[in-house]
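**Student:** File name upload31.pdb; file contents PDB, C-alpha atoms; full text below.
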ATOM      1  CA  MET X   1      -8.004  27.043   4.503
ATOM      2  CA  THR X   2      -9.138  23.566   3.469
ATOM      3  CA  ALA X   3      -8.524  20.917   6.105
ATOM      4  CA  PRO X   4      -6.184  18.049   5.138
ATOM      5  CA  VAL X   5      -7.997  15.045   3.731
ATOM      6  CA  GLU X   6      -7.175  11.375   3.547
ATOM      7  CA  VAL X   7      -7.214   9.976   0.021
ATOM      8  CA  VAL X   8      -7.894   6.253  -0.151
ATOM      9  CA  TYR X   9      -6.428   4.654  -3.262
ATOM     10  CA  GLU X  10      -5.204   1.401  -4.731
ATOM     11  CA  ARG X  11      -2.336   1.193  -7.204
ATOM     12  CA  ARG X  12      -1.834  -1.868  -9.355
ATOM     13  CA  GLY X  13      -0.596  -3.108 -12.735
ATOM     14  CA  ALA X  14       2.022  -1.784 -15.139
ATOM     15  CA  GLY X  15       2.165   0.315 -18.295
ATOM     16  CA  PRO X  16       0.894   3.843 -19.010
ATOM     17  CA  ALA X  17      -0.844   5.341 -15.983
ATOM     18  CA  LEU X  18      -4.657   5.318 -15.905
ATOM     19  CA  VAL X  19      -6.448   6.998 -12.986
ATOM     20  CA  LEU X  20      -9.989   5.762 -12.259
ATOM     21  CA  LEU X  21     -12.404   8.088 -10.439
ATOM     22  CA  HIS X  22     -15.666   6.980  -8.832
ATOM     23  CA  GLY X  23     -18.858   8.931  -8.265
ATOM     24  CA  ILE X  24     -20.439  10.612  -5.240
ATOM     25  CA  GLY X  25     -21.019   8.215  -2.369
ATOM     26  CA  HIS X  26     -19.245   5.417  -4.211
ATOM     27  CA  HIS X  27     -15.856   3.758  -3.722
ATOM     28  CA  GLY X  28     -12.852   2.518  -5.632
ATOM     29  CA  GLY X  29     -14.115  -1.058  -5.648
ATOM     30  CA  ALA X  30     -16.624  -0.009  -8.297
ATOM     31  CA  TRP X  31     -13.802  -0.184 -10.836
ATOM     32  CA  ARG X  32     -12.598  -3.720  -9.996
ATOM     33  CA  PRO X  33     -14.809  -5.482 -12.562
ATOM     34  CA  ALA X  34     -13.440  -3.298 -15.370
ATOM     35  CA  ALA X  35      -9.966  -3.042 -14.608
ATOM     36  CA  GLY X  36     -13.631  13.271   2.255
ATOM     37  CA  LEU X  37     -12.278  15.593  -0.486
ATOM     38  CA  PRO X  38     -13.058  19.298  -1.045
ATOM     39  CA  ALA X  39     -16.698  19.669  -2.022
ATOM     40  CA  ASP X  40     -16.579  22.070  -4.991
ATOM     41  CA  MET X  41     -15.430  21.087  -8.477
ATOM     42  CA  PRO X  42     -12.317  23.337  -8.589
ATOM     43  CA  GLY X  43     -11.271  21.929  -5.216
ATOM     44  CA  LEU X  44     -11.867  18.346  -6.324
ATOM     45  CA  ALA X  45      -9.874  18.827  -9.517
ATOM     46  CA  ALA X  46      -7.038  20.514  -7.604
ATOM     47  CA  ALA X  47      -6.948  17.658  -5.088
ATOM     48  CA  VAL X  48      -6.640  15.105  -7.894
ATOM     49  CA  LEU X  49      -3.816  17.121  -9.460
ATOM     50  CA  GLU X  50      -2.011  17.148  -6.112
ATOM     51  CA  LEU X  51      -2.423  13.378  -6.009
ATOM     52  CA  PHE X  52      -0.891  13.085  -9.485
ATOM     53  CA  ALA X  53       2.096  15.114  -8.327
ATOM     54  CA  ALA X  54       2.505  13.063  -5.151
ATOM     55  CA  PHE X  55       2.585   9.845  -7.194
ATOM     56  CA  GLY X  56       4.826  11.268  -9.885
ATOM     57  CA  LEU X  57       2.118  10.889 -12.538
ATOM     58  CA  GLU X  58       2.630  13.261 -15.456
ATOM     59  CA  ARG X  59      -0.537  13.685 -17.517
ATOM     60  CA  PRO X  60      -1.945  10.188 -16.940
ATOM     61  CA  HIS X  61      -4.989   8.857 -18.727
ATOM     62  CA  VAL X  62      -8.105   9.240 -16.592
ATOM     63  CA  ALA X  63     -11.552   7.663 -16.537
ATOM     64  CA  GLY X  64     -14.447   8.472 -14.259
ATOM     65  CA  ASN X  65     -18.084   7.655 -13.623
ATOM     66  CA  SER X  66     -20.800  10.164 -12.616
ATOM     67  CA  LEU X  67     -19.072  12.832 -10.474
ATOM     68  CA  GLY X  68     -15.789  11.117 -11.349
ATOM     69  CA  GLY X  69     -16.653  11.549 -15.021
ATOM     70  CA  ALA X  70     -17.154  15.263 -14.527
ATOM     71  CA  ILE X  71     -13.789  15.510 -12.758
ATOM     72  CA  ALA X  72     -12.168  13.624 -15.640
ATOM     73  CA  LEU X  73     -13.598  16.139 -18.108
ATOM     74  CA  GLU X  74     -12.456  19.085 -15.976
ATOM     75  CA  LEU X  75      -8.936  17.651 -15.931
ATOM     76  CA  ALA X  76      -9.112  17.252 -19.720
ATOM     77  CA  ALA X  77     -10.081  20.919 -20.047
ATOM     78  CA  LEU X  78      -7.014  21.828 -17.989
ATOM     79  CA  GLY X  79      -4.793  19.746 -20.268
ATOM     80  CA  ALA X  80      -3.636  17.886 -17.158
ATOM     81  CA  VAL X  81      -4.275  14.391 -18.565
ATOM     82  CA  SER X  82      -3.425  12.515 -21.750
ATOM     83  CA  SER X  83      -7.006  11.397 -22.319
ATOM     84  CA  ALA X  84     -10.329  11.321 -20.471
ATOM     85  CA  THR X  85     -13.149   8.799 -20.508
ATOM     86  CA  ALA X  86     -16.363   9.952 -18.836
ATOM     87  CA  LEU X  87     -19.115   7.425 -18.115
ATOM     88  CA  SER X  88     -22.531   9.050 -17.534
ATOM     89  CA  PRO X  89     -20.796  12.208 -16.276
ATOM     90  CA  ALA X  90     -22.427  14.883 -14.151
ATOM     91  CA  GLY X  91     -22.649  18.363 -15.628
ATOM     92  CA  PHE X  92     -25.073  17.850 -18.526
ATOM     93  CA  CYS X  93     -28.426  17.890 -16.744
ATOM     94  CA  THR X  94     -31.094  20.458 -15.953
ATOM     95  CA  ALA X  95     -31.554  21.712 -12.393
ATOM     96  CA  ARG X  96     -34.609  19.491 -12.081
ATOM     97  CA  GLU X  97     -32.731  16.440 -13.310
ATOM     98  CA  LEU X  98     -29.924  17.121 -10.861
ATOM     99  CA  ARG X  99     -32.397  17.371  -7.965
ATOM    100  CA  TRP X 100     -33.844  14.036  -9.053
ATOM    101  CA  ALA X 101     -30.415  12.379  -9.141
ATOM    102  CA  LEU X 102     -29.417  13.683  -5.709
ATOM    103  CA  THR X 103     -32.795  12.723  -4.223
ATOM    104  CA  VAL X 104     -32.512   9.146  -5.494
ATOM    105  CA  LEU X 105     -28.932   8.812  -4.244
ATOM    106  CA  THR X 106     -29.900  10.262  -0.859
ATOM    107  CA  LEU X 107     -32.716   7.726  -0.529
ATOM    108  CA  HIS X 108     -30.270   4.942  -1.336
ATOM    109  CA  ARG X 109     -27.886   6.338   1.260
ATOM    110  CA  ASN X 110     -30.640   6.301   3.879
ATOM    111  CA  ALA X 111     -31.525   2.711   2.979
ATOM    112  CA  ALA X 112     -27.841   1.743   3.284
ATOM    113  CA  ARG X 113     -28.085   2.498   7.011
ATOM    114  CA  LEU X 114     -30.102  -0.687   7.538
ATOM    115  CA  PRO X 115     -28.223  -3.241   9.677
ATOM    116  CA  GLU X 116     -25.752  -5.190   7.569
ATOM    117  CA  PRO X 117     -27.396  -8.585   8.261
ATOM    118  CA  VAL X 118     -30.630  -7.134   6.865
ATOM    119  CA  LEU X 119     -28.823  -5.794   3.808
ATOM    120  CA  ARG X 120     -27.147  -9.163   3.286
ATOM    121  CA  ARG X 121     -30.503 -10.948   3.253
ATOM    122  CA  LEU X 122     -31.926  -8.271   0.978
ATOM    123  CA  PHE X 123     -29.121  -8.495  -1.562
ATOM    124  CA  ALA X 124     -29.089 -12.303  -1.456
ATOM    125  CA  ALA X 125     -32.610 -12.486  -2.931
ATOM    126  CA  PRO X 126     -32.500 -11.681  -6.688
ATOM    127  CA  ALA X 127     -35.938 -10.027  -6.781
ATOM    128  CA  LEU X 128     -35.209  -7.883  -3.714
ATOM    129  CA  ARG X 129     -31.771  -6.945  -5.007
ATOM    130  CA  MET X 130     -33.355  -5.785  -8.263
ATOM    131  CA  LEU X 131     -35.788  -3.668  -6.255
ATOM    132  CA  ALA X 132     -33.038  -2.223  -4.052
ATOM    133  CA  MET X 133     -30.419  -1.534  -6.742
ATOM    134  CA  GLY X 134     -32.384  -1.296  -9.973
ATOM    135  CA  MET X 135     -32.196   2.497 -10.022
ATOM    136  CA  ILE X 136     -28.397   2.438 -10.103
ATOM    137  CA  LEU X 137     -27.633  -0.744 -12.035
ATOM    138  CA  ALA X 138     -29.481  -2.203 -14.998
ATOM    139  CA  ARG X 139     -28.289  -5.717 -14.103
ATOM    140  CA  PRO X 140     -27.811  -5.771 -10.317
ATOM    141  CA  ASN X 141     -27.836  -9.554 -10.147
ATOM    142  CA  ARG X 142     -24.532  -9.628 -12.035
ATOM    143  CA  MET X 143     -22.883  -8.012  -9.006
ATOM    144  CA  ALA X 144     -21.339 -10.274  -6.368
ATOM    145  CA  LEU X 145     -23.008 -10.156  -2.969
ATOM    146  CA  ASP X 146     -19.879  -8.826  -1.262
ATOM    147  CA  ASP X 147     -19.588  -6.060  -3.869
ATOM    148  CA  ALA X 148     -23.213  -5.051  -3.287
ATOM    149  CA  LEU X 149     -22.564  -4.846   0.447
ATOM    150  CA  ALA X 150     -19.371  -2.860  -0.142
ATOM    151  CA  ASP X 151     -21.325  -0.352  -2.249
ATOM    152  CA  ALA X 152     -23.921   0.077   0.515
ATOM    153  CA  ARG X 153     -21.196   0.458   3.114
ATOM    154  CA  ALA X 154     -19.384   3.108   1.045
ATOM    155  CA  LEU X 155     -22.585   5.076   0.493
ATOM    156  CA  ARG X 156     -23.428   4.924   4.194
ATOM    157  CA  GLN X 157     -19.958   6.042   5.268
ATOM    158  CA  ALA X 158     -19.448   8.785   2.645
ATOM    159  CA  ARG X 159     -18.768  11.677   5.019
ATOM    160  CA  ALA X 160     -18.539  14.300   2.270
ATOM    161  CA  PHE X 161     -21.775  13.253   0.541
ATOM    162  CA  ARG X 162     -23.909  16.175   1.740
ATOM    163  CA  ALA X 163     -21.231  18.797   1.197
ATOM    164  CA  VAL X 164     -20.457  17.602  -2.331
ATOM    165  CA  ALA X 165     -24.167  17.366  -3.160
ATOM    166  CA  ARG X 166     -24.734  20.944  -1.920
ATOM    167  CA  ALA X 167     -21.780  22.316  -3.834
ATOM    168  CA  GLY X 168     -22.803  20.526  -7.020
ATOM    169  CA  ARG X 169     -26.359  21.844  -7.247
ATOM    170  CA  GLY X 170     -25.435  24.563  -9.703
ATOM    171  CA  TYR X 171     -22.693  22.697 -11.551
ATOM    172  CA  ALA X 172     -22.673  22.500 -15.350
ATOM    173  CA  TYR X 173     -19.722  21.433 -17.450
ATOM    174  CA  ALA X 174     -18.426  24.273 -19.612
ATOM    175  CA  GLY X 175     -14.880  23.195 -20.410
ATOM    176  CA  ALA X 176     -13.129  22.813 -23.761
ATOM    177  CA  PRO X 177     -10.842  19.748 -23.646
ATOM    178  CA  THR X 178      -7.666  19.746 -25.695
ATOM    179  CA  VAL X 179      -6.983  16.005 -25.331
ATOM    180  CA  PRO X 180      -8.813  12.894 -26.605
ATOM    181  CA  VAL X 181     -12.154  12.553 -24.806
ATOM    182  CA  THR X 182     -14.800   9.850 -24.841
ATOM    183  CA  ILE X 183     -18.220  10.295 -23.277
ATOM    184  CA  ALA X 184     -20.167   7.045 -22.937
ATOM    185  CA  TRP X 185     -23.690   6.802 -21.554
ATOM    186  CA  GLY X 186     -25.680   3.830 -20.293
ATOM    187  CA  THR X 187     -28.872   3.589 -22.319
ATOM    188  CA  ARG X 188     -30.717   2.451 -19.173
ATOM    189  CA  ASP X 189     -29.265   5.056 -16.821
ATOM    190  CA  ARG X 190     -32.009   6.097 -14.379
ATOM    191  CA  ILE X 191     -29.914   8.505 -12.278
ATOM    192  CA  LEU X 192     -28.507  10.752 -15.030
ATOM    193  CA  PRO X 193     -30.800   9.580 -17.850
ATOM    194  CA  TYR X 194     -29.508   8.710 -21.295
ATOM    195  CA  ARG X 195     -31.209  11.760 -22.849
ATOM    196  CA  GLN X 196     -28.470  13.880 -21.245
ATOM    197  CA  ALA X 197     -26.041  12.365 -23.739
ATOM    198  CA  ALA X 198     -27.617  14.586 -26.407
ATOM    199  CA  LEU X 199     -26.576  17.733 -24.531
ATOM    200  CA  ALA X 200     -23.077  16.328 -24.072
ATOM    201  CA  ARG X 201     -22.848  15.813 -27.842
ATOM    202  CA  THR X 202     -23.892  19.417 -28.405
ATOM    203  CA  ARG X 203     -21.449  20.892 -25.890
ATOM    204  CA  LEU X 204     -18.513  18.680 -26.878
ATOM    205  CA  PRO X 205     -18.877  17.944 -30.597
ATOM    206  CA  ALA X 206     -15.206  17.009 -30.984
ATOM    207  CA  ALA X 207     -15.403  14.239 -28.375
ATOM    208  CA  ARG X 208     -16.070  10.588 -29.162
ATOM    209  CA  HIS X 209     -19.627   9.804 -28.010
ATOM    210  CA  LEU X 210     -20.717   6.220 -27.400
ATOM    211  CA  ASP X 211     -23.760   4.384 -26.114
ATOM    212  CA  LEU X 212     -23.428   1.639 -23.507
ATOM    213  CA  PRO X 213     -26.363  -0.583 -24.503
ATOM    214  CA  GLY X 214     -28.339  -2.038 -21.622
ATOM    215  CA  CYS X 215     -26.162  -0.374 -18.967
ATOM    216  CA  GLY X 216     -27.305   1.680 -16.000
ATOM    217  CA  HIS X 217     -25.657   4.543 -14.157
ATOM    218  CA  VAL X 218     -22.700   2.485 -12.938
ATOM    219  CA  PRO X 219     -21.819   0.478 -16.060
ATOM    220  CA  MET X 220     -18.678  -1.101 -14.641
ATOM    221  CA  HIS X 221     -20.791  -3.850 -13.069
ATOM    222  CA  ASP X 222     -23.373  -4.071 -15.843
ATOM    223  CA  ASP X 223     -20.841  -4.696 -18.629
ATOM    224  CA  PRO X 224     -17.213  -4.575 -17.438
ATOM    225  CA  GLU X 225     -15.772  -5.846 -20.724
ATOM    226  CA  LEU X 226     -17.497  -3.084 -22.693
ATOM    227  CA  VAL X 227     -16.350  -0.410 -20.238
ATOM    228  CA  ALA X 228     -12.758  -1.650 -20.390
ATOM    229  CA  SER X 229     -12.800  -1.590 -24.206
ATOM    230  CA  VAL X 230     -14.211   1.966 -24.237
ATOM    231  CA  ILE X 231     -11.444   3.189 -21.932
ATOM    232  CA  LEU X 232      -8.699   1.441 -23.915
ATOM    233  CA  GLY X 233     -10.142   2.910 -27.110
ATOM    234  CA  THR X 234      -9.717   6.386 -25.647
ATOM    235  CA  THR X 235      -6.210   5.866 -24.325
ATOM    236  CA  GLY X 236      -4.944   4.136 -27.457
ATOM    237  CA  VAL X 237      -3.339   1.502 -25.221
ATOM    238  CA  ARG X 238      -3.761  -2.067 -26.397
ATOM    239  CA  ALA X 239      -4.954  -4.723 -23.995
ATOM    240  CA  GLY X 240      -2.075  -7.049 -23.231
TER     241      GLY X 240
END
How would this structure read if it were set down as structure tokens?

**Tutor:**
Amino acid sequence: MTAPVEVVYERRGAGPALVLLHGIGHHGGAWRPAAGLPADMPGLAAAVLELFAAFGLERPHVAGNSLGGAIALELAALGAVSSATALSPAGFCTARELRWALTVLTLHRNAARLPEPVLRRLFAAPALRMLAMGMILARPNRMALDDALADARALRQARAFRAVARAGRGYAYAGAPTVPVTIAWGTRDRILPYRQAALARTRLPAARHLDLPGCGHVPMHDDPELVASVILGTTGVRAG
């Protein structure tokens, strides 16, 4: 029996519901510029569906990045959402590429354990911030200092990181969505490299496939306006 988990969320705005899902070791604040769960993918998807039910959300639109993008696509395959936008989603890489991604993220997680005053000084220097965050973001100096610290804090405190990473080692997306789907990939993604977009196009030919020029693995900070327009283009909801 899966132990109860605490889901941290923020609900804001009005209009058709849009659920935003972040990646492994990340946090909800990653979505602000643009707008301990079960470890395996079926469990993650089921937990999100339970959250929809608890909030009274019937087939909301959903968008996710990295692991969150994979969850969004799984929900689309279940027909549980009205549309799905996946930004550099997991599930389209080779075993070697997945090991690379998890190794890089683990190294970042270890570095995030530095004392916060040290991290603050590190992130305050543009050249050092580029060195520290350049694998995840293409334009780390566009991120506010407090947001950079919040990302490090979330990665350091992600209690389910190891369990999710272990469970995801053999994961590959094999669903067949029946709702509008957009897959958008940062052309400068160094975690799940842009070449994986070609496999996504092959597996999901009916989806809308877009490039995010000059964006890294977490494009919400690199180009928030572009990310917002991609999501709205999938949902069919006009910006108001």

**Student:** Edge lengths and centre, in Å to one decimal, as AutoDock Vina command-line options: that's what I need for the box along x, y and z that holds all listed atoms of stretch 120-128 of chain X plus 8 Å on each side.

**Tutor:**
--center_x -31.5 --center_y -10.2 --center_z -1.7 --size_x 24.8 --size_y 20.6 --size_z 26.1

**Student:** Can you list, as a ChimeraX atom specification, every protein, DNA or RNA residue that comes within 10 Å of stretch 131-133 of chain X when you count all atoms listed in the file, leaving out same-chain residues fewer than 2 positions away?

**Tutor:** /X:108,111-112,119,122-123,125-129,135-141,148,152

**Student:** Wanna dump the stretch 42-126 of chain X-stretch 217-237 of chain X contacts at 8 Å for me, each residue with its shortest atom pair and the distance in Å to one decimal, counting all atoms listed in the file, ordered by chain and number, as a tab-separated table?

**Tutor:**
residue	atom	partner	partner_atom	distance
X:His61	CA	X:Thr235	CA	6.5
X:Ala63	CA	X:Ile231	CA	7.0
X:Asn65	CA	X:Val218	CA	7.0
X:Ser66	CA	X:His217	CA	7.6
X:Ser82	CA	X:Thr235	CA	7.7
X:Ser83	CA	X:Thr235	CA	5.9
X:Ala84	CA	X:Thr234	CA	7.2
X:Thr85	CA	X:Ile231	CA	6.0
X:Leu87	CA	X:Pro219	CA	7.7
X:Ser88	CA	X:His217	CA	6.4

**Student:** With distances taken over all atoms listed in the file, which residue among X:Ala80, X:Leu212, X:Leu155, X:Leu199 lies nearest X:Pro177?

**Tutor:**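 The closest residue to X:Pro177 is X:Ala80.
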
**Student:** Would you mind telling me which residue in X:Ala174, X:Val179, X:Ile191, X:Leu73 lies nearest to X:Ala101 when using all atoms listed in the file?

**Tutor:**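 Of all the options, X:Ile191 lies closest to X:Ala101.
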
**Student:** Let me make sure I understand: among X:Asp40, X:Glu97, X:Asp146, X:Asp151, which one has the smallest atom-to-atom distance to X:Arg113 if we use only C-alpha atoms?

**Tutor:**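 Ranking X:Asp40, X:Glu97, X:Asp146, X:Asp151 by distance to X:Arg113, first place goes to X:Asp151.
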
**Student:** In Å, how far is it from atom CA of X:Met41 to atom CA of X:Leu21?

**Tutor:**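 For atom CA of X:Met41 relative to atom CA of X:Leu21, the distance reads 13.5 Å.
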
**Student:** For a test of reading the model, state the distance in Å between atom CA of X:Ala197 and atom CA of X:Pro180, rounded to one decimal.

**Tutor:**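 So the two atoms, atom CA of X:Ala197 and atom CA of X:Pro180, lie 17.5 Å apart.
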
**Student:** So, with only C-alpha atoms as the atoms that count, which of X:Ala90, X:Leu114, X:Ala144, X:Val104 lies closest to X:Tyr171?

**Tutor:** X:Ala90

**Student:** Restricting the calculation to only C-alpha atoms, which member of X:Ala54, X:Ala45, X:Ala172, X:Leu107 is positioned closest to X:Leu78?

**Tutor:** X:Ala45

**Student:** Report the distance between atom CA of X:Ala160 and atom CA of X:Leu98 in Å, rounded to one decimal place.

**Tutor:**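 Between these atoms lies a distance of 17.6 Å.
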
**Student:** So, counting all atoms listed in the file, which residue among X:Leu75, X:Leu57, X:Gly64, X:Thr106 is closest to X:Trp185?

**Tutor:**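 For X:Trp185, the nearest of the given residues is X:Gly64.
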
**Student:** Considering only C-alpha atoms, give me a table of residues in stretch 54-166 of chain X that are at most 12 Å from stretch 202-206 of chain X, with the closest atom pair and distance in Å for each, as JSON lines.

**Tutor:**
{"residue": "X:Leu73", "atom": "CA", "partner": "X:Leu204", "partner_atom": "CA", "distance": 10.4}
{"residue": "X:Ala76", "atom": "CA", "partner": "X:Leu204", "partner_atom": "CA", "distance": 11.9}
{"residue": "X:Ala77", "atom": "CA", "partner": "X:Leu204", "partner_atom": "CA", "distance": 11.1}
{"residue": "X:Gly91", "atom": "CA", "partner": "X:Arg203", "partner_atom": "CA", "distance": 10.6}
{"residue": "X:Phe92", "atom": "CA", "partner": "X:Arg203", "partner_atom": "CA", "distance": 8.8}
{"residue": "X:Cys93", "atom": "CA", "partner": "X:Arg203", "partner_atom": "CA", "distance": 11.9}

**Student:** Please list, as a PyMOL selection string, the residues that have an atom at most 7 Å away from (-14.3, 12.0, -30.3) in the coordinates of this file, counting only C-alpha atoms.

**Tutor:** chain X and resi 180-182+206-209

**Student:** Can you sort out stretch 104-129 of chain X so it carries N, CA and C atoms, written as a PDB file, in the frame of the given file?

**Tutor:**
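rebuild-v3.pdb was written with the following content:
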ATOM      1  N   VAL X 104     -32.584  10.611  -5.400  1.00  0.00           N
ATOM      2  CA  VAL X 104     -32.512   9.146  -5.494  1.00  0.00           C
ATOM      3  C   VAL X 104     -31.292   8.618  -4.744  1.00  0.00           C
ATOM      4  N   LEU X 105     -30.148   9.265  -4.925  1.00  0.00           N
ATOM      5  CA  LEU X 105     -28.932   8.812  -4.244  1.00  0.00           C
ATOM      6  C   LEU X 105     -29.048   8.987  -2.728  1.00  0.00           C
ATOM      7  N   THR X 106     -29.698  10.055  -2.291  1.00  0.00           N
ATOM      8  CA  THR X 106     -29.900  10.262  -0.859  1.00  0.00           C
ATOM      9  C   THR X 106     -30.794   9.183  -0.275  1.00  0.00           C
ATOM     10  N   LEU X 107     -31.842   8.803  -0.990  1.00  0.00           N
ATOM     11  CA  LEU X 107     -32.716   7.726  -0.529  1.00  0.00           C
ATOM     12  C   LEU X 107     -31.955   6.407  -0.435  1.00  0.00           C
ATOM     13  N   HIS X 108     -31.103   6.147  -1.394  1.00  0.00           N
ATOM     14  CA  HIS X 108     -30.270   4.942  -1.336  1.00  0.00           C
ATOM     15  C   HIS X 108     -29.313   5.000  -0.150  1.00  0.00           C
ATOM     16  N   ARG X 109     -28.800   6.189   0.120  1.00  0.00           N
ATOM     17  CA  ARG X 109     -27.886   6.338   1.260  1.00  0.00           C
ATOM     18  C   ARG X 109     -28.623   6.077   2.570  1.00  0.00           C
ATOM     19  N   ASN X 110     -29.852   6.561   2.671  1.00  0.00           N
ATOM     20  CA  ASN X 110     -30.640   6.301   3.879  1.00  0.00           C
ATOM     21  C   ASN X 110     -30.925   4.807   4.035  1.00  0.00           C
ATOM     22  N   ALA X 111     -31.251   4.147   2.922  1.00  0.00           N
ATOM     23  CA  ALA X 111     -31.525   2.711   2.979  1.00  0.00           C
ATOM     24  C   ALA X 111     -30.272   1.920   3.350  1.00  0.00           C
ATOM     25  N   ALA X 112     -29.096   2.439   2.973  1.00  0.00           N
ATOM     26  CA  ALA X 112     -27.841   1.743   3.284  1.00  0.00           C
ATOM     27  C   ALA X 112     -27.546   1.722   4.774  1.00  0.00           C
ATOM     28  N   ARG X 113     -28.300   2.486   5.568  1.00  0.00           N
ATOM     29  CA  ARG X 113     -28.085   2.498   7.011  1.00  0.00           C
ATOM     30  C   ARG X 113     -28.795   1.324   7.716  1.00  0.00           C
ATOM     31  N   LEU X 114     -29.513   0.518   6.949  1.00  0.00           N
ATOM     32  CA  LEU X 114     -30.102  -0.687   7.538  1.00  0.00           C
ATOM     33  C   LEU X 114     -28.985  -1.563   8.100  1.00  0.00           C
ATOM     34  N   PRO X 115     -29.260  -2.352   9.143  1.00  0.00           N
ATOM     35  CA  PRO X 115     -28.223  -3.241   9.677  1.00  0.00           C
ATOM     36  C   PRO X 115     -27.669  -4.155   8.583  1.00  0.00           C
ATOM     37  N   GLU X 116     -26.381  -4.412   8.632  1.00  0.00           N
ATOM     38  CA  GLU X 116     -25.752  -5.190   7.569  1.00  0.00           C
ATOM     39  C   GLU X 116     -26.355  -6.581   7.405  1.00  0.00           C
ATOM     40  N   PRO X 117     -26.736  -7.284   8.472  1.00  0.00           N
ATOM     41  CA  PRO X 117     -27.396  -8.585   8.261  1.00  0.00           C
ATOM     42  C   PRO X 117     -28.675  -8.462   7.442  1.00  0.00           C
ATOM     43  N   VAL X 118     -29.410  -7.362   7.642  1.00  0.00           N
ATOM     44  CA  VAL X 118     -30.630  -7.134   6.865  1.00  0.00           C
ATOM     45  C   VAL X 118     -30.275  -6.877   5.404  1.00  0.00           C
ATOM     46  N   LEU X 119     -29.258  -6.063   5.176  1.00  0.00           N
ATOM     47  CA  LEU X 119     -28.823  -5.794   3.808  1.00  0.00           C
ATOM     48  C   LEU X 119     -28.338  -7.071   3.131  1.00  0.00           C
ATOM     49  N   ARG X 120     -27.647  -7.912   3.866  1.00  0.00           N
ATOM     50  CA  ARG X 120     -27.147  -9.163   3.286  1.00  0.00           C
ATOM     51  C   ARG X 120     -28.304 -10.045   2.821  1.00  0.00           C
ATOM     52  N   ARG X 121     -29.341 -10.146   3.646  1.00  0.00           N
ATOM     53  CA  ARG X 121     -30.503 -10.948   3.253  1.00  0.00           C
ATOM     54  C   ARG X 121     -31.223 -10.313   2.071  1.00  0.00           C
ATOM     55  N   LEU X 122     -31.275  -8.994   2.067  1.00  0.00           N
ATOM     56  CA  LEU X 122     -31.926  -8.271   0.978  1.00  0.00           C
ATOM     57  C   LEU X 122     -31.209  -8.512  -0.345  1.00  0.00           C
ATOM     58  N   PHE X 123     -29.893  -8.358  -0.333  1.00  0.00           N
ATOM     59  CA  PHE X 123     -29.121  -8.495  -1.562  1.00  0.00           C
ATOM     60  C   PHE X 123     -29.002  -9.947  -2.013  1.00  0.00           C
ATOM     61  N   ALA X 124     -29.211 -10.889  -1.103  1.00  0.00           N
ATOM     62  CA  ALA X 124     -29.089 -12.303  -1.456  1.00  0.00           C
ATOM     63  C   ALA X 124     -30.281 -12.798  -2.270  1.00  0.00           C
ATOM     64  N   ALA X 125     -31.408 -12.097  -2.190  1.00  0.00           N
ATOM     65  CA  ALA X 125     -32.610 -12.486  -2.931  1.00  0.00           C
ATOM     66  C   ALA X 125     -32.652 -11.717  -4.245  1.00  0.00           C
ATOM     67  N   PRO X 126     -32.577 -12.385  -5.400  1.00  0.00           N
ATOM     68  CA  PRO X 126     -32.500 -11.681  -6.688  1.00  0.00           C
ATOM     69  C   PRO X 126     -33.596 -10.646  -6.894  1.00  0.00           C
ATOM     70  N   ALA X 127     -34.838 -10.972  -6.554  1.00  0.00           N
ATOM     71  CA  ALA X 127     -35.938 -10.027  -6.781  1.00  0.00           C
ATOM     72  C   ALA X 127     -35.792  -8.792  -5.891  1.00  0.00           C
ATOM     73  N   LEU X 128     -35.379  -9.009  -4.634  1.00  0.00           N
ATOM     74  CA  LEU X 128     -35.209  -7.883  -3.714  1.00  0.00           C
ATOM     75  C   LEU X 128     -33.994  -7.047  -4.089  1.00  0.00           C
ATOM     76  N   ARG X 129     -32.944  -7.712  -4.578  1.00  0.00           N
ATOM     77  CA  ARG X 129     -31.771  -6.945  -5.007  1.00  0.00           C
ATOM     78  C   ARG X 129     -32.123  -6.062  -6.209  1.00  0.00           C
TER      79      ARG X 129
END
